[in-house]
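Structure record follows, encoded as C-alpha cells.
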Amino acid sequence: AQSVTQLGSHVSVSEGALVLLRCNYSSSVPPYLFWYVQYPNQGLQLLLKYTSAATLVKGINGFEAEFKKSETSFHLTKPSAHMSDAAEYFCAVTMNTGFQKLVFGTGTRLLVSP
Amino acid sequence: SQTIHQWPATLVQPVGSPLSLECTVEGTSNPNLYWYRQAAGRGLQLLFYSVGIGQISSEVPQNLSASRPQDRQFILSSKKLLLSDSGFYLCAWSLNNRYGNTIYFGEGSWLTVV
C-alpha cells in the first residue's frame, strides 16, 4: 500500500524567503504524486502533479516540485514566498495500476510573515 | 468545462439526527466520484468512492453511507449522527479513462454535530 509522510505540520517563512515543504512517499509500484493547496474553509486546489514524465514539475503560483526516486521524495519549493501563499499544503500519492485512490499526507501549514 | 457543486456548505446537527450531503458534477460523464473527510488537525481520509451508478466502495467502517442514484450525483448519508462525525467533508471527481488523472474537489461542507 502506498503512503505519504509530510515532515513538519507547520513551516514559517518570511516574505521573499525560499519555501520548502517536504514530502516522502512509499509505494510498491511507480507512483503518481500530487500537491494540493487548501485556503481556509475551502476545498483543495491542485498545484501540480507528477505522472512519470519530467521529474521537475512546474505548477501554478510559482511552485515547483522534483521527483527523486532514489530518495522517494517529492518536495515542493517556491523561490520567494508571498503573503498570499499562506495556506495548508497536502502531498498525495496514487498508484498507476488499479483503481486510483488518492492517499494524502497530514498536511503542512505554511505561515508567511512580513 | 467541468464543475463540481457540493451542499450545504455548513451544517449543525444534533446527535442522533440524520444527514444528507449532496454533490453533483457538471460537464463530464461517467466520472469517478469520491467522499473525503478532513478532521481537525488531520489529513484527508477517503470514505467512499464510486466508479459508476449504484457502485459504491467503502474504505472505512463507520456510521456513514453513500449512494450514487445518477451518473453525476453522489450523496453522503447517515441515519443517526455521532459526535465523532463532525468534520469537513469534501466531494471530489476524476475522469476514469486513464491513470494519473487529477482529482478535483468541491468547496466542502462543514458538519458540526452537537
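As shown in the C-alpha cells, the chain order sets the letters A, B, ...; within each chain, residues go from 1, and ligands are also counted from 1 in the order they appear.
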Sorted per-residue table, chain B near chain A, closest atoms and distance, 7 Å, only C-alpha atoms, as a tab-separated table:
```
residue	atom	partner	partner_atom	distance
B:Arg42	CA	A:Thr106	CA	5.5
B:Gly43	CA	A:Thr106	CA	3.8
B:Leu44	CA	A:Phe104	CA	6.0
B:Leu90	CA	A:Gly43	CA	6.9
B:Tyr99	CA	A:Asn96	CA	5.6
B:Gly100	CA	A:Tyr32	CA	5.9
B:Phe105	CA	A:Leu44	CA	5.7
B:Gly106	CA	A:Gly43	CA	5.6
B:Glu107	CA	A:Gly43	CA	4.1
B:Gly108	CA	A:Gly43	CA	5.4
```
Quick one: write out the picked residues with all heavy atoms as a short mmCIF file (atom, residue, chain, number, x, y, z; two decimals), in the first residue's frame?
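What follows is the written file out10.cif:
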```
data_model
loop_
_atom_site.label_atom_id
_atom_site.label_comp_id
_atom_site.auth_asym_id
_atom_site.auth_seq_id
_atom_site.Cartn_x
_atom_site.Cartn_y
_atom_site.Cartn_z
N ARG B 42 -5.96 16.84 11.12
CA ARG B 42 -5.59 15.58 10.47
C ARG B 42 -5.68 15.74 8.98
O ARG B 42 -6.20 16.70 8.46
CB ARG B 42 -6.51 14.47 10.95
CG ARG B 42 -6.45 14.24 12.45
CD ARG B 42 -7.49 13.24 12.91
NE ARG B 42 -7.23 11.91 12.38
CZ ARG B 42 -7.99 10.86 12.67
NH1 ARG B 42 -9.05 11.00 13.44
NH2 ARG B 42 -7.71 9.67 12.17
N GLY B 43 -5.16 14.77 8.28
CA GLY B 43 -5.21 14.80 6.82
C GLY B 43 -6.57 14.42 6.30
O GLY B 43 -7.56 14.38 7.03
N LEU B 44 -6.62 14.12 5.03
CA LEU B 44 -7.88 13.74 4.40
C LEU B 44 -8.00 12.22 4.35
O LEU B 44 -7.08 11.53 3.93
CB LEU B 44 -7.96 14.30 2.98
CG LEU B 44 -8.22 15.79 2.91
CD1 LEU B 44 -6.94 16.57 2.98
CD2 LEU B 44 -8.97 16.10 1.62
N LEU B 90 -15.50 16.56 1.94
CA LEU B 90 -15.18 17.01 0.59
C LEU B 90 -15.61 15.98 -0.43
O LEU B 90 -15.24 14.81 -0.34
CB LEU B 90 -13.67 17.25 0.46
CG LEU B 90 -13.13 18.46 1.22
CD1 LEU B 90 -11.66 18.29 1.50
CD2 LEU B 90 -13.36 19.73 0.42
N TYR B 99 -4.96 6.35 -15.94
CA TYR B 99 -4.35 6.56 -14.63
C TYR B 99 -3.74 7.96 -14.53
O TYR B 99 -3.47 8.60 -15.52
CB TYR B 99 -3.26 5.51 -14.40
CG TYR B 99 -3.78 4.11 -14.54
CD1 TYR B 99 -3.21 3.23 -15.45
CD2 TYR B 99 -4.86 3.67 -13.78
CE1 TYR B 99 -3.69 1.94 -15.59
CE2 TYR B 99 -5.34 2.39 -13.92
CZ TYR B 99 -4.75 1.53 -14.82
OH TYR B 99 -5.23 0.26 -14.95
N GLY B 100 -3.49 8.36 -13.31
CA GLY B 100 -2.84 9.64 -13.07
C GLY B 100 -3.75 10.82 -13.26
O GLY B 100 -3.29 11.96 -13.32
N PHE B 105 -11.74 18.77 -6.40
CA PHE B 105 -12.53 18.82 -5.18
C PHE B 105 -13.58 19.93 -5.22
O PHE B 105 -13.39 20.98 -5.83
CB PHE B 105 -11.61 19.07 -3.98
CG PHE B 105 -10.78 17.87 -3.62
CD1 PHE B 105 -9.59 17.62 -4.28
CD2 PHE B 105 -11.19 17.00 -2.63
CE1 PHE B 105 -8.82 16.51 -3.97
CE2 PHE B 105 -10.44 15.89 -2.30
CZ PHE B 105 -9.25 15.64 -2.97
N GLY B 106 -14.68 19.66 -4.53
CA GLY B 106 -15.67 20.68 -4.28
C GLY B 106 -15.21 21.59 -3.15
O GLY B 106 -14.11 21.42 -2.61
N GLU B 107 -16.07 22.53 -2.79
CA GLU B 107 -15.71 23.52 -1.79
C GLU B 107 -15.85 23.01 -0.36
O GLU B 107 -15.44 23.67 0.57
CB GLU B 107 -16.56 24.77 -1.97
CG GLU B 107 -16.19 25.57 -3.21
CD GLU B 107 -14.74 26.03 -3.18
OE1 GLU B 107 -14.36 26.68 -2.18
OE2 GLU B 107 -13.99 25.73 -4.12
N GLY B 108 -16.45 21.87 -0.19
CA GLY B 108 -16.53 21.27 1.13
C GLY B 108 -17.78 21.64 1.91
O GLY B 108 -18.43 22.65 1.65
#
```
Can you tell me, as a compact mmCIF listing (two decimals) with C-alpha atoms, in the first residue's frame, what residues are no more than 6 Å from range 67-77 of chain B when counting only C-alpha atoms, ignoring any on the same chain fewer than 3 positions away?
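Written out: selection_14.txt:
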```txt
# COMPACT_ATOMS: atom_id res chain seq x y z
CA LEU B 19 -27.54 13.56 7.50
CA SER B 20 -27.60 14.14 3.78
CA LEU B 21 -24.81 15.87 1.89
CA GLU B 22 -25.17 16.18 -1.85
CA CYS B 23 -22.70 16.60 -4.65
CA THR B 24 -23.16 16.98 -8.38
CA VAL B 25 -20.66 17.22 -11.22
CA ASN B 30 -19.28 8.70 -16.01
CA ILE B 53 -24.20 4.40 -10.91
CA GLY B 54 -25.06 2.26 -7.92
CA LEU B 64 -21.96 6.82 7.18
```
Report as a ChimeraX atom specification: the residues of chain A with a DSSP assignment of strand (DSSP E), based on the backbone of this structure. /A:3-5,10-14,19-21,24-26,31-38,44-50,56-58,64-68,73-78,87-95,103-104,108-113
Within 9 Å of Val11 in chain A, counting only C-alpha atoms, which residues qualify if same-chain residues fewer than 4 places away don't, as a compact mmCIF listing (two decimals) with C-alpha atoms, in the first residue's frame?
```
# COMPACT_ATOMS: atom_id res chain seq x y z
CA VAL A 19 9.61 27.92 0.63
CA LEU A 20 10.44 24.22 1.08
CA LEU A 21 7.71 21.77 2.03
CA THR A 108 1.75 21.27 6.27
CA ARG A 109 0.53 24.71 7.22
CA LEU A 110 2.65 27.44 5.68
CA LEU A 111 2.87 30.67 7.64
CA VAL A 112 4.31 33.74 5.91
```
As a check of understanding: the span from CA of Leu111 in chain B to CA of Pro14 in chain B is 10.5 Å
Given only C-alpha atoms as the counted atoms, nearest of A:Ala17, A:Ala53, A:Arg22, A:Ser28 to Lys78 in chain A: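 The closest residue to Lys78 in chain A is A:Ala17.
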Any idea what's packed within 7 Å of range 58-69 of chain A, counting only C-alpha atoms, ignoring anything in its chain fewer than 4 positions away? Could you give it as a PyMOL selection string? chain A and resi 47-48+73-78
Residues near Tyr49 in chain B, cut-off 6 Å, only C-alpha atoms, skip fewer than 2 positions along chain, as a PDB file with C-alpha atoms, in the first residue's frame:
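Generated file (part_6.pdb):
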```pdb
ATOM      1  CA  LEU B  33     -16.721  10.155  -7.526  1.00  0.00           C
ATOM      2  CA  TYR B  34     -15.281  10.370  -4.029  1.00  0.00           C
ATOM      3  CA  ILE B  56     -20.128   2.226  -4.036  1.00  0.00           C
ATOM      4  CA  SER B  57     -16.955   1.138  -2.300  1.00  0.00           C
TER       5      SER B  57
END
```
In Å to one decimal, how far is CA of Glu59 in chain B from CA of Ala1 in chain A?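 Atom-to-atom, CA of Ala1 in chain A and CA of Glu59 in chain B are spaced 13.4 Å apart.
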